[in-house]
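J.: Supplied in structure tokens, the structure appears directly below.
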Amino acid sequence: MDNDVLRRGKPTVHVQFGEASALLAGDALQALAFELLTPLDGTVPAAIQARLCGLLARAAGSGGMAGGQAIDLASVGQALSERQLREMHQLKTGALLEGSVLMGAHCAQADAATLQALQAYGAAIGLAFQVVDDILDVTADSATLGKTAGKDADNDKPTYVSLMGLHASRAYAQELLAQALAALDGSTLSDTQALRALADMVVNRAH
């Protein structure tokens, strides 16, 4: 799917160890995620375990990351509207980030109002992550990115920069940051400092 030769400045798994090992590593890591959500020592109640597994499965499956990735593969060389591009990234990247936020909220047994606020927060930072990723693909070099710069354009993939332009994409990322922070303001959480810092890091990261 994304056959780049670099990730975080190091050879990717399929380059270093071969495609078969890379596929098996991905399968094993996904299984490990569910192992971690279902400890056998009784530290996490069974009802919470089930809720967490359901959240992760939906975020990773056909209605989440895998479905978004399938759309991404089918969209190479295609002209997408802003709505189509947004929907693709809300699935591909946004679902996993939103799911991770909600899993933490369910672990804390947050109330309904806070869950709703955190869902909006997670959706905003999930989409913002991809917008910024598209920006960095054309503004940063490979050494800074830790992966091959300009790869989206080389592969004729639709991105926010190719659709909206660089200036508008940067403005949209800041708009999404504002949405995320507004969602936190609407929650019942007493301390949102860490979540605010996370949102700022997602939007204003250098790589």
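Ordering of the structure tokens sets the chain letters (A, B, ...), residue numbers begin anew at 1 in every chain, and ligands are numbered from 1 in the order given.
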Which residues in region 6-110 of chain A does DSSP call strand (DSSP E or B)? List them as a PyMOL selection string.

T.: chain A and resi 6-7+10-11

J.: Can I get the selected residues back with N, CA and C atoms, as a PDB file, in the first residue's frame?

T.:
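And here is the file that came out, again_4.pdb:
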ATOM      1  N   LEU A   6      11.575   4.346   3.651  1.00  0.00           N
ATOM      2  CA  LEU A   6      11.990   4.912   4.927  1.00  0.00           C
ATOM      3  C   LEU A   6      10.803   5.169   5.836  1.00  0.00           C
ATOM      4  N   ARG A   7      11.007   4.963   7.122  1.00  0.00           N
ATOM      5  CA  ARG A   7      10.086   5.413   8.161  1.00  0.00           C
ATOM      6  C   ARG A   7      10.928   5.789   9.365  1.00  0.00           C
ATOM      7  N   LYS A  10      14.654   5.242   9.094  1.00  0.00           N
ATOM      8  CA  LYS A  10      15.209   3.890   9.031  1.00  0.00           C
ATOM      9  C   LYS A  10      14.533   3.106   7.905  1.00  0.00           C
ATOM     10  N   PRO A  11      15.203   2.066   7.377  1.00  0.00           N
ATOM     11  CA  PRO A  11      14.569   1.245   6.331  1.00  0.00           C
ATOM     12  C   PRO A  11      13.259   0.644   6.844  1.00  0.00           C
TER      13      PRO A  11
END

J.: Could the residues of region 98-131 of chain A that have an atom at most 10 Å from region 53-64 of chain A be listed as JSON lines, each with its closest atom pair and the distance in Å to one decimal, counting only C-alpha atoms and ordered by chain and ascending residue number?

T.:
{"residue": "A:Glu98", "atom": "CA", "partner": "A:Ala59", "partner_atom": "CA", "distance": 8.0}
{"residue": "A:Gly99", "atom": "CA", "partner": "A:Ala59", "partner_atom": "CA", "distance": 5.9}
{"residue": "A:Ser100", "atom": "CA", "partner": "A:Leu56", "partner_atom": "CA", "distance": 7.7}
{"residue": "A:Leu102", "atom": "CA", "partner": "A:Leu55", "partner_atom": "CA", "distance": 7.8}
{"residue": "A:Met103", "atom": "CA", "partner": "A:Leu55", "partner_atom": "CA", "distance": 6.9}
{"residue": "A:His106", "atom": "CA", "partner": "A:Leu55", "partner_atom": "CA", "distance": 9.8}

J.: Which residues of region 10-108 of chain A have any atom within 10 Å of an atom in region 163-166 of chain A when counting only C-alpha atoms, and what is the closest pair of atoms for each, with the distance in Å to one decimal? Order the rows by chain and rising number and write it as a Markdown table.

T.:
| residue | atom | partner | partner_atom | distance |
| --- | --- | --- | --- | --- |
| A:Ala79 | CA | A:Leu163 | CA | 8.4 |
| A:Leu80 | CA | A:Leu163 | CA | 8.0 |
| A:Ser81 | CA | A:Leu163 | CA | 7.8 |
| A:Glu82 | CA | A:Leu163 | CA | 7.2 |
| A:Leu85 | CA | A:Leu163 | CA | 8.9 |

J.: Would you pick out the contacts of region 17-23 of chain A at 12 Å or less, using only C-alpha atoms, so that residues sharing its chain but fewer than 6 positions from it are not included, and give the list as a PyMOL selection string?

T.: chain A and resi 1+3+5+11+29-30

J.: Taking only C-alpha atoms into account, which of A:Ile125, A:Leu136, A:Gln84, A:Ala168 comes nearest Ala180 (chain A)?

T.: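 Under the stated criterion, the closest residue is A:Ile125.
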
J.: Nearest to Ala199 (chain A): which of A:Thr93, A:Val101, A:Thr159, A:Arg170 is it, counting only C-alpha atoms?

T.: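 Closest to Ala199 (chain A), using only C-alpha atoms: A:Val101.
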
J.: Provide the CA of Leu73 (chain A) to CA of Asp27 (chain A) distance in Å, to one decimal place.

T.: 19.8 Å

J.: Smallest atom-to-atom distance to Gln78 (chain A): which of A:Thr12, A:Gln174, A:Ser162, A:Thr188, using only C-alpha atoms?

T.: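 Using only C-alpha atoms, Gln78 (chain A) sits closest to A:Ser162.
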